[in-house]
Every structure is written in C-alpha cells, then in structure tokens.
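Down below is the structure, laid out as structure tokens.
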Amino acid sequence: MSGELPVAGEVRGKMVEGAALLLAKQGLQATSFSEVLKATGAPRGSIYHHFPEGKDQLVDAALDLVAARMLDGLAQQAGRSAEEVTAYVIGAWRFVLERSGFAAGCAVLAVTVAADSPELLQRAAAIFRAWRERLTGLYVRAGFDEARAARFAAAVIAATEGAVVMCRAERSLEPLELVGETLLEQARRT
C-alpha cells in the first residue's frame with residue numbers, strides 16, 4: 001500500500017544492496033553512509049539503528065550479500081562440465097560489466113585493495129576462499145583431480161578478477177573475452 005512506512009528489514013536490505021553496488025562502483029573509501037542513504041533513499045536514522053557498529057558493519061553485510069550471490073550461482077552449476085562452470089563465472093562478470101556500463105566490478109576486490117581494517121581483509125579473504133572451495137568442488141565433480149581442481153579454481157578467480165579490472169579501465173569486454181577463451185581451453189582438458 002502506498003503511504004506505508006517500509007518494514008525495518010526492507011530498509012536494512014536496501015541499504016546493504018546499495019552499499020554492495022557502491023562498493024563495486026566506487027570502492028571502499030567513496031562508499032559512505034551518506035552515499036548509501038542517497039542511493040537508497042533510506043532515512044538517516046536507519047544508519048545507527050541497523051548498523052550501530054558503523055561503516056565496517058554495513059560493508060561486512062554488503063560483502064555477505066555479494067558472497068552469497070556468487071555462491072548461490074555456483075551451487076546451480078553442480079553436475080555441469082568444467083567448461084560450463086567456467087563459462088558461468090565468465091558470464092557472471094560479463095553481465096556485471098555490461099549492465100553497469102563498465103562502472104562496476106567486484107565489491108570484494110574493492111574492499112581488499114582499500115581496507116585498512118584487518119577484520120574486513122579477513123572477511124574478504126574468507127569470501128575468496130569460499131568461492132575457490134566451491135569452484136574446486138565443482139571441478140572435482142566435473143572430473144578434475146583435487147590438486148588440479150584447486151589450482152584451476154584459483155586461476156579462474158584470479159584471472160577473471162584481473163580481467164574485470166582491465167575491462168573497466170579499457171571500457172571494453174576484450175580482456176575478459178581473451179582471458180575467458182584461455183580459461184575455457186584449459187577447462188576442456190578434463
């Protein structure tokens with residue numbers, strides 16, 4: 001109904017979503033409470049109601065959201081070939097780049113390169129580790145031995161993250177496409 005105040009969980013969810021997007025677009029330093037409020041239209045009083053521990057608490061929640069989205073997408077790849085799993089990861093980043101007009105990248109990477117908080121760095125490390133572990137499991141299921149699966153999972157994450165940075169700088173999908181071709185060739189070697 002129009003005229004109703006938003007439910008507290010909806011406000012918090014909007015703020016977390018907004019923070020995740022701002023991290024992916026602007027980085028950690030430019031993602032302030034003021035920017036999140038401006039992007040989401042959330043009331044100023046909601047900041048300390050939902051995030052009484054401050055900005056790091058909001059960033060941590062945004063990282064949780066980003067991590068869960070990737071893990072959920074990867075979970076849907078269970079039982080697929082190594083090539084299909086790899087194509088999914090490449091496609092996910094292609095979608096982010098295209099949808100944002102090359103304005104957004106990886107929020108986890110943005111926090112990693114700018115955080116001075118050991119807790120945020122540990123959180124980012126845990127997310128990258130979780131993504132690697134999920135990919136490793138998918139590659140093992142697709143026929144790779146454990147060691148090769150672990151190496152390839154790390155290579156896929158590192159290569160696509162780097163390609164996304166290059167794509168943003170060049171405002172072109174070419175780096176991702178080139179990296180993607182190489183990764184897909186390697187994935188076919190089950």
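Ordering of the structure tokens sets the chain letters (A, B, ...), residue numbers begin anew at 1 in every chain, and ligands are numbered from 1 in the order given.
Residues in contact range of Ile47 in chain A, defined as at most 10 Å between only C-alpha atoms, with sequence neighbours fewer than 6 positions away removed, read Val11, Arg12, Met15, Phe33, Ser34, Val36, Leu37, Glu53, Gly54, Lys55 and Leu58 of chain A.
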Dump of N, CA and C atoms for the selected residues, as a compact mmCIF listing (two decimals), in the first residue's frame:
```txt
# COMPACT_ATOMS: atom_id res chain seq x y z
N VAL A 11 14.32 -1.80 4.77
CA VAL A 11 15.24 -0.66 4.78
C VAL A 11 16.67 -1.17 4.89
N ARG A 12 16.90 -2.08 5.83
CA ARG A 12 18.24 -2.64 6.00
C ARG A 12 18.69 -3.33 4.72
N MET A 15 19.70 -0.86 2.13
CA MET A 15 20.98 -0.24 2.46
C MET A 15 22.14 -1.19 2.14
N PHE A 33 28.21 6.32 4.53
CA PHE A 33 26.80 6.24 4.93
C PHE A 33 25.97 7.24 4.13
N SER A 34 26.49 8.44 3.94
CA SER A 34 25.75 9.47 3.19
C SER A 34 25.45 9.00 1.78
N VAL A 36 25.27 5.90 0.72
CA VAL A 36 24.30 4.80 0.79
C VAL A 36 22.89 5.35 0.99
N LEU A 37 22.75 6.32 1.88
CA LEU A 37 21.43 6.94 2.11
C LEU A 37 20.93 7.60 0.84
N GLU A 53 27.43 -0.52 14.82
CA GLU A 53 28.89 -0.63 14.92
C GLU A 53 29.61 0.18 13.85
N GLY A 54 28.86 0.85 12.97
CA GLY A 54 29.47 1.74 12.00
C GLY A 54 29.60 1.17 10.60
N LYS A 55 30.40 1.86 9.82
CA LYS A 55 30.56 1.56 8.39
C LYS A 55 31.04 0.13 8.15
N LEU A 58 28.23 -2.29 7.98
CA LEU A 58 27.50 -2.19 6.72
C LEU A 58 28.29 -2.85 5.59
```
Please, which residues in range 73-171 of chain A fall within 12 Å of range 180-188 of chain A when counting only C-alpha atoms, and what is the closest atom pair and distance in Å to one decimal for each, ordered by chain then residue number, as CSV?
```
residue,atom,partner,partner_atom,distance
A:Arg80,CA,A:Ala187,CA,11.7
A:Ser81,CA,A:Ala187,CA,8.4
A:Ala82,CA,A:Ala187,CA,5.3
A:Glu83,CA,A:Ala187,CA,4.9
A:Glu84,CA,A:Leu184,CA,8.5
A:Val85,CA,A:Ala187,CA,8.7
A:Thr86,CA,A:Leu184,CA,6.5
A:Ala87,CA,A:Leu184,CA,7.0
A:Tyr88,CA,A:Gly180,CA,10.4
A:Val89,CA,A:Gly180,CA,9.2
A:Ile90,CA,A:Gly180,CA,6.2
A:Gly91,CA,A:Gly180,CA,9.1
A:Ala92,CA,A:Gly180,CA,11.6
A:Trp93,CA,A:Gly180,CA,10.5
A:Arg94,CA,A:Gly180,CA,10.1
A:Leu138,CA,A:Ala187,CA,11.7
A:Tyr139,CA,A:Ala187,CA,8.8
A:Val140,CA,A:Ala187,CA,11.7
A:Ala142,CA,A:Ala187,CA,9.7
A:Gly143,CA,A:Ala187,CA,10.3
A:Phe144,CA,A:Ala187,CA,9.3
A:Arg148,CA,A:Ala187,CA,10.6
A:Ala149,CA,A:Ala187,CA,9.8
A:Arg151,CA,A:Gln186,CA,11.5
A:Phe152,CA,A:Ala187,CA,8.3
A:Ala153,CA,A:Ala187,CA,10.2
A:Ala154,CA,A:Leu183,CA,11.5
A:Ala155,CA,A:Leu183,CA,8.3
A:Val156,CA,A:Leu183,CA,6.9
A:Ile157,CA,A:Leu183,CA,10.4
A:Ala158,CA,A:Leu183,CA,11.1
A:Ala159,CA,A:Leu183,CA,8.4
A:Thr160,CA,A:Gly180,CA,7.7
A:Glu161,CA,A:Gly180,CA,11.4
A:Gly162,CA,A:Gly180,CA,11.5
A:Ala163,CA,A:Gly180,CA,8.9
A:Val164,CA,A:Gly180,CA,11.0
```
Near Ala19 in chain A, counting only C-alpha atoms, which residues have an atom at most 7 Å away, once you skip same-chain residues fewer than 3 positions from it, shown as a PyMOL selection string? chain A and resi 15-16+22-23+31+36+59+62
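Checking A:Thr40, A:Ala104, A:Asp145, A:Glu98 one by one against Lys25 in chain A, counting only C-alpha atoms, you find the shortest gap at A:Ala104.
If you look at CA of Ala20 in chain A and CA of Leu63 in chain A, they are 6.8 Å away from each other.
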Just how far from CA of Pro175 in chain A is CA of Ala150 in chain A, in Å to one decimal? 23.4 Å
Quick one: residues within 10 Å of Ala115 in chain A, only C-alpha atoms, excluding same-chain residues fewer than 4 positions away - as a VMD selection string? chain A and resid 27 to 29 56 109 to 111 119 to 121 124
For the residues in the current selection, export N, CA and C atoms as an mmCIF file, in the first residue's frame.
```
data_model
loop_
_atom_site.group_PDB
_atom_site.id
_atom_site.type_symbol
_atom_site.label_atom_id
_atom_site.label_comp_id
_atom_site.auth_asym_id
_atom_site.auth_seq_id
_atom_site.Cartn_x
_atom_site.Cartn_y
_atom_site.Cartn_z
ATOM 1 N N GLY A 27 34.286 1.865 -4.857
ATOM 2 C CA GLY A 27 35.315 1.439 -3.924
ATOM 3 C C GLY A 27 34.929 1.712 -2.480
ATOM 4 N N LEU A 28 35.809 1.334 -1.598
ATOM 5 C CA LEU A 28 35.533 1.398 -0.164
ATOM 6 C C LEU A 28 35.479 2.824 0.376
ATOM 7 N N GLN A 29 36.462 3.650 0.043
ATOM 8 C CA GLN A 29 36.504 4.995 0.624
ATOM 9 C C GLN A 29 35.299 5.838 0.209
ATOM 10 N N ASP A 56 31.994 -0.343 8.942
ATOM 11 C CA ASP A 56 32.503 -1.702 8.725
ATOM 12 C C ASP A 56 31.393 -2.742 8.831
ATOM 13 N N LEU A 109 36.866 -7.358 -4.206
ATOM 14 C CA LEU A 109 38.163 -6.843 -4.632
ATOM 15 C C LEU A 109 38.331 -5.393 -4.196
ATOM 16 N N ALA A 110 37.283 -4.603 -4.341
ATOM 17 C CA ALA A 110 37.340 -3.190 -3.945
ATOM 18 C C ALA A 110 37.689 -3.049 -2.464
ATOM 19 N N VAL A 111 37.098 -3.887 -1.637
ATOM 20 C CA VAL A 111 37.392 -3.844 -0.201
ATOM 21 C C VAL A 111 38.817 -4.334 0.051
ATOM 22 N N GLU A 119 39.831 -6.829 10.070
ATOM 23 C CA GLU A 119 38.596 -7.621 10.052
ATOM 24 C C GLU A 119 37.995 -7.657 8.647
ATOM 25 N N LEU A 120 37.975 -6.514 7.953
ATOM 26 C CA LEU A 120 37.440 -6.502 6.589
ATOM 27 C C LEU A 120 38.330 -7.298 5.635
ATOM 28 N N LEU A 121 39.635 -7.209 5.828
ATOM 29 C CA LEU A 121 40.544 -8.002 4.986
ATOM 30 C C LEU A 121 40.338 -9.500 5.230
ATOM 31 N N ALA A 124 37.142 -10.473 3.445
ATOM 32 C CA ALA A 124 37.358 -10.599 2.002
ATOM 33 C C ALA A 124 38.106 -11.890 1.688
#
```
For a test of reading the model, state the distance in Å between CA of Gly13 in chain A and CA of Ala61 in chain A, rounded to one decimal.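 Separation of CA of Gly13 in chain A and CA of Ala61 in chain A: 9.3 Å.
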Return the single residue from A:Ala114, A:Trp131, A:Glu35, A:Val96 that is closest to Asp72 in chain A, with distances computed using only C-alpha atoms. A:Trp131
In range 23-81 of chain A, what's alpha helix (DSSP H) per DSSP? Answer as a VMD selection string? chain A and resid 23 to 26 33 to 40 46 to 50 55 to 75
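Minimum atom-to-atom distance to Val113 in chain A, evaluated using only C-alpha atoms, belongs to A:Val165 out of A:Val165, A:Arg129, A:Ala42, A:Gly18.
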